[in-house]
Every structure is written in structure tokens, then in C-alpha cells.
Protein chains: 2
Amino acid sequence: MQLTRRAEYAIRTMLDIASNLDDQPLMSKEIAARQDIPLNFLIQIVPELRSAGLIHTVRGSGGGIYLTKKPSEISLRYIVEAIEGPIALNQCLIGDASCERQPRCPIHEVWALAQRQMLAVLEATTLAGLVDQSQSGKKAGKTSAAADVASKINNEVELEV
Amino acid sequence: MQLTRRAEYAIRTMLDIASNLDDQPLMSKEIAARQDIPLNFLIQIVPELRSAGLIHTVRGSGGGIYLTKKPSEISLRYIVEAIEGPIALNQCLIGDASCERQPRCPIHEVWALAQRQMLAVLEATTLAGLVDQSQSGKKAGKTSAAADVASKINNEVELEV
DNA sequence: CTAAACTTAAGTAAATTGGTAAACTTTATG
DNA sequence: CATAAAGTTTACCAATTTACTTAAGTTTAG
């Protein structure tokens with residue numbers, strides 16, 4: 001029931017690249033150092049992001065990594081699923097999957113709803129939104145990416161975590 | 001990122017007991033057969049539900065299991081956390097946990113929001129709601145427990161899963 | 001041609017998952 | 001009080017996943 005380190009590192013990596021202002025491609029080594037990711041582990045994650053079409057990589061001296069899309073077009077959901085495959089909170093939500101137990105299993109439907117609620121947040125959150133917040137950082141404006149998302153899906157529930 | 005079998009079986013077990021109309025305690029063996037749970041596995045789960053205070057067990061011949069609370073007072077969240085411990089979609093959400101990376105890490109806050117959305121559903125879903133739906137089963141009324149919950153938290157997001 | 005950079009393919013220790021098995025304790029009932 | 005029915009406890013296990021590490025490539029700028 002928890003995000004893997006791989007996916008967390010993938011998110012940090014994508015965010016690191018999206019925050020990069022030069023148009024030089026970034027090297028894995030820099031990213032690893034800046035984001036506290038074991039280099040040899042990151043080096044394994046990068047090709048997965050590439051085969052998912054999220055980044056381009058340039059080999060050889062002077063090479064590195066850059067994004068293939070605009071940060072505003074890359075959602076957290078997309079990044080997570082690039083690494084972990086489709087998100088399914090319950091086994092019965094894999095694929096199109098209606099529960100095999102009953103035509104309409106009540107448990108199945110509750111998990112489906114919980115998952116929709118969660119995915120809505122991950123889908124509404126883009127790298128652009130996250131970068132904005134990181135960069136407004138110390139400034140007066142206290143809008144968080146999460147707050148943006150919350151207002152976007154205009155339905156945050158009051159509940160202590 | 002997925003519910004374990006243990007927790008799924010725990011939910012089925014609790015729902016099975018809540019659906020029981022007699023006030024005879026139910027035996028693990030019956031429950032296992034009815035809910036397609038390997039008996040020897042269920043037998044391992046039952047004591048966990050008991051130490052979480054969700055059920056009482058009666059030993060010896062004629063013994064079995066019954067609920068300690070009313071089905072309307074038992075939420076899915078409670079059952080899941082009895083088995084898996086506190087739900088945390090990201091490592092940085094364990095405990096009270098503010099992210100150690102930044103005072104306000106944008107990634108952390110997004111996951112916190114996603115988790116609140118998900119937990120709201122699991123918390124609003126009680127065994128009573130699920131039993132209602134199972135039993136209205138074939139009838140005309142098409143209210144699902146999930147639909148009830150959705151209206152309760154009055155904010156379901158449109159999104160294809 | 002060589003150092004910088006990504007690529008590919010193994011390997012690995014530890015934890016988790018989903019079970020199974022066996023020995024034990026408690027208790028109703030005859 | 002004997003016995004069978006029921007839950008309890010403990011231990012074990014194989015497969016998978018996780019989070020890495022290592023090492024031997026390949027590509028390319030300069």
C-alpha cells in the first residue's frame with residue numbers, strides 16, 4: 001500500500017529536470033547527488049523513464065537527460081505508472097476487472113471509488129505545478145501545488161490524516 | 001501500492017460476520033469456506049482482528065467469532081489498519097512525518113492530499129453500509145455502498161479508472 | 001583515442017507475501 | 001472425565017519484491 005522508492009526517485013528526477021532552466025541536458029550523476037538518490041539505482045530507473053517516453057537521453061560525453069514534453073503535460077500519475085505499471089489499490093481493480101466474486105461486489109466498488117479519488121489528485125498534479133511551488137518557495141504566496149490541486153478538483157474532504 | 005490478501009480476507013471475514021443474522025458465533029471454518037479463504041491462513045488473521053478489538057472469540061466446542069461493535073461503527077479503514085497498520089501511501093507520510101527533505105516538500109503534500117481523499121472513502125464506508133447493499137442485492141434499488149459513500153462525501157470526481 | 005556518459009545484464013541481501021503445518025489450550029457435551 | 005470441537009501459538013517455507021551494487025559493455029564529443 002505504499003509507493004516504491006523507485007517511483008519516488010522517478011518523481012524527484014522528473015521534478016529535478018523540470019526545474020532545470022538551462023537547456024543543457026542533465027546528467028544522472030548531478031541529479032543523483034542533488035536528489036539524494038543512489039547513482040547506480042538511478043541509472044536503472046532512467047531507462048524505464050525513457051522507454052515510457054517521458055525523457056530523451058543523449059549518450060556520450062556532453063550527454064544527459066531532458067524531458068520530451070512540457071512539465072504542464074506530465075502528471076504524477078503518469079510518472080508513477082511509468083515505473084510501477086497501472087495503479088490498482090486492490091487486486092480486483094487490475095485490468096478492466098469486475099470482481100469475479102459477485103456481479104457487483106460492494107467491496108470492489110468501494111475500492112474503485114477510493115482509487116478514483118486518489119488518482120484524481122495524482123492526475124491533476126503536474127510537474128509544472130510542483131515546480132511553481134518549489135520556486136515560489138520562500139515568497140509570500142502560500143499556494144501549494146496540493147492546494148491548487150485541491151481547488152482544481154474542488155472537493156477536498158475534511159479529515160485528519 | 002496494493003491491499004494485501006490478509007487485509008482483503010479480513011474485510012470479507014468481517015462482512016461475513018456482520019451479515020450473519022443468528023446470534024450464534026460463526027466458526028472460522030464456515031467463514032473460510034463461504035468466503036474462499038484458505039482456512040489455515042484465516043486462522044492466522046483472526047487473532048489479529050481480535051487483538052485489534054474488532055471481534056470476540058469463544059474457544060472450545062460451540063465457540064466461534066462475533067463482532068464487538070455494531071456494523072455501523074466499523075469502517076473499512078479500521079479493518080485495514082487493524083491488519084496492515086497505519087495506511088501511508090508514501091514513506092514520508094508515516095507517523096506525523098513532515099518530509100525530511102524540505103520544510104514543505106511539494107511532493108509530500110500532494111501525496112498527503114491523495115491519501116486524505118482515499119481515506120475519506122474508506123472511513124465513510126461501514127460494514128452496515130456494505131451489508132445493506134449485499135442484501136438489497138437483486139432488488140430494484142440500485143444504491144451501492146460506494147454510491148452512498150460518494151454522496152456522503154459529496155465530492156466524487158469524474159475520472160475514468 | 002580517450003574520457004565522459006548512458007546501456008545492459010547480473011547478482012544479492014533483506015523484507016514481504018501468501019501460505020502450510022503441527023502442537024497446544026480451552027470448553028461444551030455425553 | 002473423556003473426547004471432540006474450537007480457537008491459539010509458534011514455526012516454517014517458497015516465491016516475489018525491494019533496493020541496491022557490480023561489472024562489462026557501447027556511444028560520442030573533443
# chains A, B, ... in the order shown; residues from 1 in each chain; ligands from 1

$ interface_residues --of "chain C" --to "chain A" --cutoff "8 Å" --atoms "only C-alpha atoms (C1' of nucleotides)" --output "PyMOL selection string"
chain C and resi 3-6

$ select_by_dssp --residues "chain B" --states "strand (DSSP E)" --output "tab-separated table (two decimals) with C-alpha atoms, in the first residue's frame"
chain	number	residue	atom	x	y	z
B	55	ILE	CA	-14.11	-9.30	17.32
B	56	HIS	CA	-14.58	-11.54	20.31
B	57	THR	CA	-13.68	-15.18	20.01
B	58	VAL	CA	-15.08	-18.03	22.04
B	64	GLY	CA	-16.68	-19.07	17.24
B	65	ILE	CA	-16.46	-15.41	16.38
B	66	TYR	CA	-18.72	-12.40	16.81
B	67	LEU	CA	-18.35	-8.65	16.42

$ closest_atom_pairs --of "range 96-129 of chain A" --to "range 126-134 of chain B" --cutoff "8 Å" --atoms "only C-alpha atoms" --output "tab-separated table"
residue	atom	partner	partner_atom	distance
A:Cys105	CA	B:Ser134	CA	7.8
A:Pro106	CA	B:Leu130	CA	6.0
A:Ile107	CA	B:Leu130	CA	7.3

$ write_last_selection --atoms "N, CA, C and O atoms" --output "PDB file, in the first residue's frame"
ATOM      1  N   CYS A 105     -19.765  -6.698  -6.550  1.00  0.00           N
ATOM      2  CA  CYS A 105     -19.261  -6.866  -5.191  1.00  0.00           C
ATOM      3  C   CYS A 105     -19.152  -5.491  -4.546  1.00  0.00           C
ATOM      4  O   CYS A 105     -18.524  -4.581  -5.082  1.00  0.00           O
ATOM      5  N   PRO A 106     -19.780  -5.316  -3.381  1.00  0.00           N
ATOM      6  CA  PRO A 106     -19.763  -3.992  -2.750  1.00  0.00           C
ATOM      7  C   PRO A 106     -18.361  -3.549  -2.350  1.00  0.00           C
ATOM      8  O   PRO A 106     -18.045  -2.370  -2.385  1.00  0.00           O
ATOM      9  N   ILE A 107     -17.527  -4.507  -1.984  1.00  0.00           N
ATOM     10  CA  ILE A 107     -16.168  -4.156  -1.576  1.00  0.00           C
ATOM     11  C   ILE A 107     -15.394  -3.601  -2.771  1.00  0.00           C
ATOM     12  O   ILE A 107     -14.727  -2.575  -2.696  1.00  0.00           O
TER      13      ILE A 107
END

$ closest_atom_pairs --of "chain B" --to "chain A" --cutoff "8 Å" --atoms "only C-alpha atoms" --output "Markdown table"
| residue | atom | partner | partner_atom | distance |
| --- | --- | --- | --- | --- |
| B:Met1 | CA | A:Met1 | CA | 3.8 |
| B:Gln2 | CA | A:Leu89 | CA | 4.4 |
| B:Leu3 | CA | A:Asn90 | CA | 5.3 |
| B:Thr4 | CA | A:Met1 | CA | 7.9 |
| B:Ile87 | CA | A:Met1 | CA | 7.1 |
| B:Ala88 | CA | A:Gln2 | CA | 6.2 |
| B:Leu89 | CA | A:Gln2 | CA | 4.4 |
| B:Asn90 | CA | A:Leu3 | CA | 5.2 |
| B:Gln91 | CA | A:Gln2 | CA | 7.1 |
| B:Cys105 | CA | A:Ser134 | CA | 7.8 |
| B:Pro106 | CA | A:Leu130 | CA | 6.0 |
| B:Ile107 | CA | A:Leu130 | CA | 7.3 |
| B:Glu109 | CA | A:Ala146 | CA | 5.7 |
| B:Val110 | CA | A:Ala146 | CA | 4.8 |
| B:Trp111 | CA | A:Leu122 | CA | 7.9 |
| B:Ala112 | CA | A:Val161 | CA | 7.6 |
| B:Leu113 | CA | A:Ala146 | CA | 6.6 |
| B:Ala114 | CA | A:Met118 | CA | 4.7 |
| B:Gln115 | CA | A:Met118 | CA | 6.7 |
| B:Arg116 | CA | A:Val161 | CA | 6.1 |
| B:Gln117 | CA | A:Gln117 | CA | 5.7 |
| B:Met118 | CA | A:Ala114 | CA | 4.7 |
| B:Leu119 | CA | A:Ala114 | CA | 7.4 |
| B:Ala120 | CA | A:Leu159 | CA | 6.8 |
| B:Val121 | CA | A:Ala114 | CA | 5.5 |
| B:Leu122 | CA | A:Ala114 | CA | 7.0 |
| B:Thr125 | CA | A:Val110 | CA | 7.6 |
| B:Leu130 | CA | A:Pro106 | CA | 6.0 |
| B:Gln133 | CA | A:Pro106 | CA | 6.8 |
| B:Ser134 | CA | A:Pro106 | CA | 6.9 |
| B:Ser144 | CA | A:Pro106 | CA | 6.8 |
| B:Ala145 | CA | A:Pro106 | CA | 6.3 |
| B:Ala146 | CA | A:Val110 | CA | 4.8 |
| B:Ala150 | CA | A:Leu113 | CA | 7.7 |
| B:Ile153 | CA | A:Val157 | CA | 6.9 |
| B:Asn154 | CA | A:Asn155 | CA | 7.8 |
| B:Asn155 | CA | A:Asn155 | CA | 5.0 |
| B:Glu156 | CA | A:Gln117 | CA | 7.0 |
| B:Val157 | CA | A:Gln117 | CA | 6.4 |
| B:Leu159 | CA | A:Arg116 | CA | 6.6 |
| B:Glu160 | CA | A:Arg116 | CA | 7.5 |
| B:Val161 | CA | A:Arg116 | CA | 6.1 |

$ closest_atom_pairs --of "chain D" --to "chain A" --cutoff "7 Å" --atoms "only C-alpha atoms (C1' of nucleotides)" --output "tab-separated table"
residue	atom	partner	partner_atom	distance
D:DC20	C1'	A:Phe41	CA	6.4
D:DT27	C1'	A:Gly60	CA	5.4
D:DT28	C1'	A:Gly60	CA	4.4
D:DA29	C1'	A:Ser61	CA	5.4

$ write_last_selection --atoms "N, CA and C atoms (P, O5', C5', C4', C3', O3' and C1' of nucleotides)" --output "compact mmCIF listing (two decimals), in the first residue's frame"
# COMPACT_ATOMS: atom_id res chain seq x y z
P DC D 20 17.88 2.22 -1.44
O5' DC D 20 19.01 2.34 -2.52
C5' DC D 20 19.18 1.36 -3.55
C4' DC D 20 20.12 0.25 -3.10
C3' DC D 20 21.49 0.39 -3.72
O3' DC D 20 22.49 0.50 -2.72
C1' DC D 20 20.53 -1.76 -4.20
P DT D 27 26.95 1.12 -30.05
O5' DT D 27 26.91 2.71 -29.86
C5' DT D 27 25.95 3.26 -28.98
C4' DT D 27 26.43 4.62 -28.54
C3' DT D 27 26.91 5.53 -29.68
O3' DT D 27 26.07 6.65 -29.68
C1' DT D 27 28.37 5.60 -27.82
P DT D 28 26.05 7.64 -30.96
O5' DT D 28 27.07 8.77 -30.49
C5' DT D 28 26.74 9.54 -29.34
C4' DT D 28 27.91 10.40 -28.94
C3' DT D 28 28.57 11.16 -30.10
O3' DT D 28 28.73 12.50 -29.69
C1' DT D 28 30.19 10.12 -28.79
P DA D 29 28.61 13.67 -30.78
O5' DA D 29 29.36 14.82 -29.98
C5' DA D 29 28.98 15.11 -28.63
C4' DA D 29 30.18 15.57 -27.84
C3' DA D 29 30.99 16.69 -28.50
O3' DA D 29 31.32 17.63 -27.50
C1' DA D 29 32.40 14.81 -28.09

$ closest_atom_pairs --of "chain D" --to "range 16-25 of chain C" --cutoff "9 Å" --atoms "only C-alpha atoms (C1' of nucleotides)" --output "Markdown table"
| residue | atom | partner | partner_atom | distance |
| --- | --- | --- | --- | --- |
| D:DG7 | C1' | C:DT25 | C1' | 8.5 |
| D:DT8 | C1' | C:DT25 | C1' | 7.1 |
| D:DT9 | C1' | C:DC24 | C1' | 7.6 |
| D:DT10 | C1' | C:DA23 | C1' | 8.8 |
| D:DA11 | C1' | C:DA21 | C1' | 8.6 |
| D:DC12 | C1' | C:DA21 | C1' | 8.0 |
| D:DC13 | C1' | C:DT20 | C1' | 7.9 |
| D:DA15 | C1' | C:DT17 | C1' | 8.6 |
| D:DT16 | C1' | C:DT17 | C1' | 7.6 |
| D:DT17 | C1' | C:DT16 | C1' | 7.4 |

$ select_by_dssp --residues "range 30-154 of chain A" --states "alpha helix (DSSP H)" --output "ChimeraX atom specification"
/A:30-35,39-51,76-84,106-124,127-136,145-152

$ atom_distance --atom1 "CA of Pro71 in chain B" --atom2 "CA of Gly53 in chain B"
13.5 Å

$ decode --residues "range 3-26 of chain C" --atoms "N, CA, C and O atoms (P, O5', C5', C4', C3', O3' and C1' of nucleotides)" --output "tab-separated table (two decimals), in the first residue's frame"
chain	number	residue	atom	x	y	z
C	3	DA	P	41.70	8.61	-20.40
C	3	DA	O5'	40.78	9.63	-19.58
C	3	DA	C5'	40.61	10.96	-20.07
C	3	DA	C4'	39.13	11.28	-20.20
C	3	DA	C3'	38.26	10.85	-19.03
C	3	DA	O3'	37.41	11.94	-18.73
C	3	DA	C1'	37.32	10.06	-21.04
C	4	DA	P	36.57	11.95	-17.37
C	4	DA	O5'	35.11	12.28	-17.91
C	4	DA	C5'	34.95	13.29	-18.89
C	4	DA	C4'	33.62	13.08	-19.60
C	4	DA	C3'	32.45	12.81	-18.65
C	4	DA	O3'	31.34	13.57	-19.09
C	4	DA	C1'	32.61	11.09	-20.27
C	5	DA	P	30.21	13.94	-18.02
C	5	DA	O5'	29.15	12.78	-18.25
C	5	DA	C5'	28.28	12.94	-19.33
C	5	DA	C4'	27.76	11.64	-19.90
C	5	DA	C3'	26.85	10.82	-18.98
C	5	DA	O3'	25.51	11.23	-19.22
C	5	DA	C1'	28.23	9.48	-20.42
C	6	DC	P	24.33	10.53	-18.32
C	6	DC	O5'	23.94	9.29	-19.25
C	6	DC	C5'	23.24	9.52	-20.47
C	6	DC	C4'	23.26	8.25	-21.32
C	6	DC	C3'	22.26	7.18	-20.86
C	6	DC	O3'	21.62	6.61	-22.00
C	6	DC	C1'	24.42	6.26	-20.98
C	7	DT	P	20.63	5.34	-21.83
C	7	DT	O5'	21.60	4.08	-21.87
C	7	DT	C5'	22.26	3.75	-23.08
C	7	DT	C4'	22.43	2.24	-23.19
C	7	DT	C3'	21.26	1.40	-22.69
C	7	DT	O3'	21.09	0.36	-23.63
C	7	DT	C1'	23.21	0.79	-21.53
C	8	DT	P	19.78	-0.62	-23.55
C	8	DT	O5'	20.43	-1.96	-23.01
C	8	DT	C5'	21.76	-2.31	-23.41
C	8	DT	C4'	22.23	-3.51	-22.62
C	8	DT	C3'	21.13	-4.42	-22.06
C	8	DT	O3'	21.45	-5.73	-22.46
C	8	DT	C1'	22.67	-3.86	-20.36
C	9	DA	P	20.40	-6.94	-22.20
C	9	DA	O5'	21.18	-7.74	-21.07
C	9	DA	C5'	22.61	-7.76	-21.07
C	9	DA	C4'	23.09	-8.39	-19.79
C	9	DA	C3'	22.07	-9.31	-19.13
C	9	DA	O3'	22.77	-10.42	-18.59
C	9	DA	C1'	22.76	-7.70	-17.60
C	10	DA	P	21.91	-11.82	-18.44
C	10	DA	O5'	22.19	-12.17	-16.93
C	10	DA	C5'	22.46	-11.11	-16.03
C	10	DA	C4'	23.73	-11.39	-15.26
C	10	DA	C3'	23.46	-12.26	-14.04
C	10	DA	O3'	24.61	-12.98	-13.65
C	10	DA	C1'	23.80	-9.98	-13.40
C	11	DG	P	24.47	-14.12	-12.52
C	11	DG	O5'	24.62	-13.30	-11.16
C	11	DG	C5'	25.82	-12.56	-10.89
C	11	DG	C4'	25.65	-11.82	-9.57
C	11	DG	C3'	24.96	-12.65	-8.48
C	11	DG	O3'	25.66	-12.48	-7.26
C	11	DG	C1'	23.85	-10.60	-8.73
C	12	DT	P	25.41	-13.45	-6.04
C	12	DT	O5'	25.63	-12.47	-4.79
C	12	DT	C5'	25.53	-11.05	-4.92
C	12	DT	C4'	24.60	-10.51	-3.85
C	12	DT	C3'	23.88	-11.58	-3.02
C	12	DT	O3'	23.86	-11.16	-1.67
C	12	DT	C1'	22.32	-10.10	-3.87
C	13	DA	P	24.23	-12.19	-0.51
C	13	DA	O5'	23.97	-11.35	0.82
C	13	DA	C5'	24.22	-9.94	0.82
C	13	DA	C4'	23.05	-9.22	1.45
C	13	DA	C3'	22.36	-9.98	2.57
C	13	DA	O3'	22.11	-9.08	3.63
C	13	DA	C1'	20.77	-9.41	0.92
C	14	DA	P	21.43	-9.59	4.99
C	14	DA	O5'	19.98	-8.94	4.91
C	14	DA	C5'	19.86	-7.55	4.60
C	14	DA	C4'	18.39	-7.21	4.46
C	14	DA	C3'	17.50	-7.84	5.54
C	14	DA	O3'	16.66	-6.81	6.04
C	14	DA	C1'	16.67	-8.36	3.38
C	15	DA	P	15.64	-7.15	7.24
C	15	DA	O5'	14.24	-7.00	6.47
C	15	DA	C5'	14.05	-5.88	5.61
C	15	DA	C4'	12.77	-6.07	4.82
C	15	DA	C3'	11.57	-6.51	5.67
C	15	DA	O3'	10.50	-5.63	5.37
C	15	DA	C1'	11.85	-7.94	3.78
C	16	DT	P	9.08	-5.80	6.16
C	16	DT	O5'	8.21	-6.47	5.02
C	16	DT	C5'	8.33	-5.96	3.69
C	16	DT	C4'	7.48	-6.78	2.77
C	16	DT	C3'	6.11	-7.20	3.34
C	16	DT	O3'	5.16	-6.86	2.36
C	16	DT	C1'	7.25	-9.07	2.45
C	17	DT	P	3.58	-7.04	2.63
C	17	DT	O5'	3.28	-8.39	1.87
C	17	DT	C5'	3.87	-8.59	0.60
C	17	DT	C4'	3.42	-9.92	0.03
C	17	DT	C3'	2.05	-10.39	0.51
C	17	DT	O3'	1.34	-10.80	-0.65
C	17	DT	C1'	3.68	-12.07	0.88
C	18	DG	P	-0.24	-11.12	-0.54
C	18	DG	O5'	-0.25	-12.70	-0.40
C	18	DG	C5'	0.17	-13.50	-1.50
C	18	DG	C4'	0.20	-14.95	-1.05
C	18	DG	C3'	-1.06	-15.40	-0.30
C	18	DG	O3'	-1.38	-16.74	-0.67
C	18	DG	C1'	0.80	-15.84	0.98
C	19	DG	P	-2.92	-17.20	-0.61
C	19	DG	O5'	-3.15	-18.14	0.63
C	19	DG	C5'	-2.24	-18.29	1.68
C	19	DG	C4'	-1.25	-19.39	1.38
C	19	DG	C3'	-1.54	-20.66	2.15
C	19	DG	O3'	-1.69	-21.79	1.31
C	19	DG	C1'	0.64	-19.82	2.66
C	20	DT	P	-2.40	-23.08	1.97
C	20	DT	O5'	-1.19	-23.74	2.79
C	20	DT	C5'	-0.04	-24.21	2.10
C	20	DT	C4'	0.83	-24.97	3.09
C	20	DT	C3'	0.08	-26.06	3.87
C	20	DT	O3'	0.86	-27.24	3.77
C	20	DT	C1'	1.21	-24.60	5.37
C	21	DA	P	0.27	-28.59	4.42
C	21	DA	O5'	0.90	-28.57	5.89
C	21	DA	C5'	2.23	-28.10	6.05
C	21	DA	C4'	2.70	-28.40	7.46
C	21	DA	C3'	1.87	-29.47	8.19
C	21	DA	O3'	2.77	-30.33	8.84
C	21	DA	C1'	1.89	-27.45	9.45
C	22	DA	P	2.21	-31.65	9.57
C	22	DA	O5'	2.51	-31.30	11.09
C	22	DA	C5'	3.70	-30.56	11.40
C	22	DA	C4'	3.67	-30.15	12.86
C	22	DA	C3'	2.93	-31.14	13.76
C	22	DA	O3'	3.61	-31.20	15.00
C	22	DA	C1'	1.98	-29.02	13.99
C	23	DA	P	3.36	-32.49	15.96
C	23	DA	O5'	3.40	-31.76	17.39
C	23	DA	C5'	4.30	-30.67	17.60
C	23	DA	C4'	3.65	-29.71	18.57
C	23	DA	C3'	2.95	-30.39	19.74
C	23	DA	O3'	3.29	-29.71	20.93
C	23	DA	C1'	1.48	-28.89	18.71
C	24	DC	P	2.81	-30.27	22.37
C	24	DC	O5'	1.75	-29.16	22.82
C	24	DC	C5'	2.14	-27.78	22.74
C	24	DC	C4'	0.93	-26.92	22.98
C	24	DC	C3'	0.10	-27.34	24.19
C	24	DC	O3'	0.10	-26.29	25.15
C	24	DC	C1'	-1.27	-26.81	22.30
C	25	DT	P	-0.52	-26.61	26.62
C	25	DT	O5'	-1.87	-25.78	26.50
C	25	DT	C5'	-1.83	-24.41	26.12
C	25	DT	C4'	-3.25	-23.91	25.98
C	25	DT	C3'	-4.15	-24.21	27.18
C	25	DT	O3'	-4.82	-23.02	27.51
C	25	DT	C1'	-5.18	-24.94	25.18
C	26	DT	P	-5.61	-22.92	28.91
C	26	DT	O5'	-7.13	-22.91	28.43
C	26	DT	C5'	-7.54	-21.94	27.50
C	26	DT	C4'	-8.86	-22.36	26.91
C	26	DT	C3'	-9.95	-22.66	27.94
C	26	DT	O3'	-11.00	-21.74	27.70
C	26	DT	C1'	-9.89	-24.31	26.24
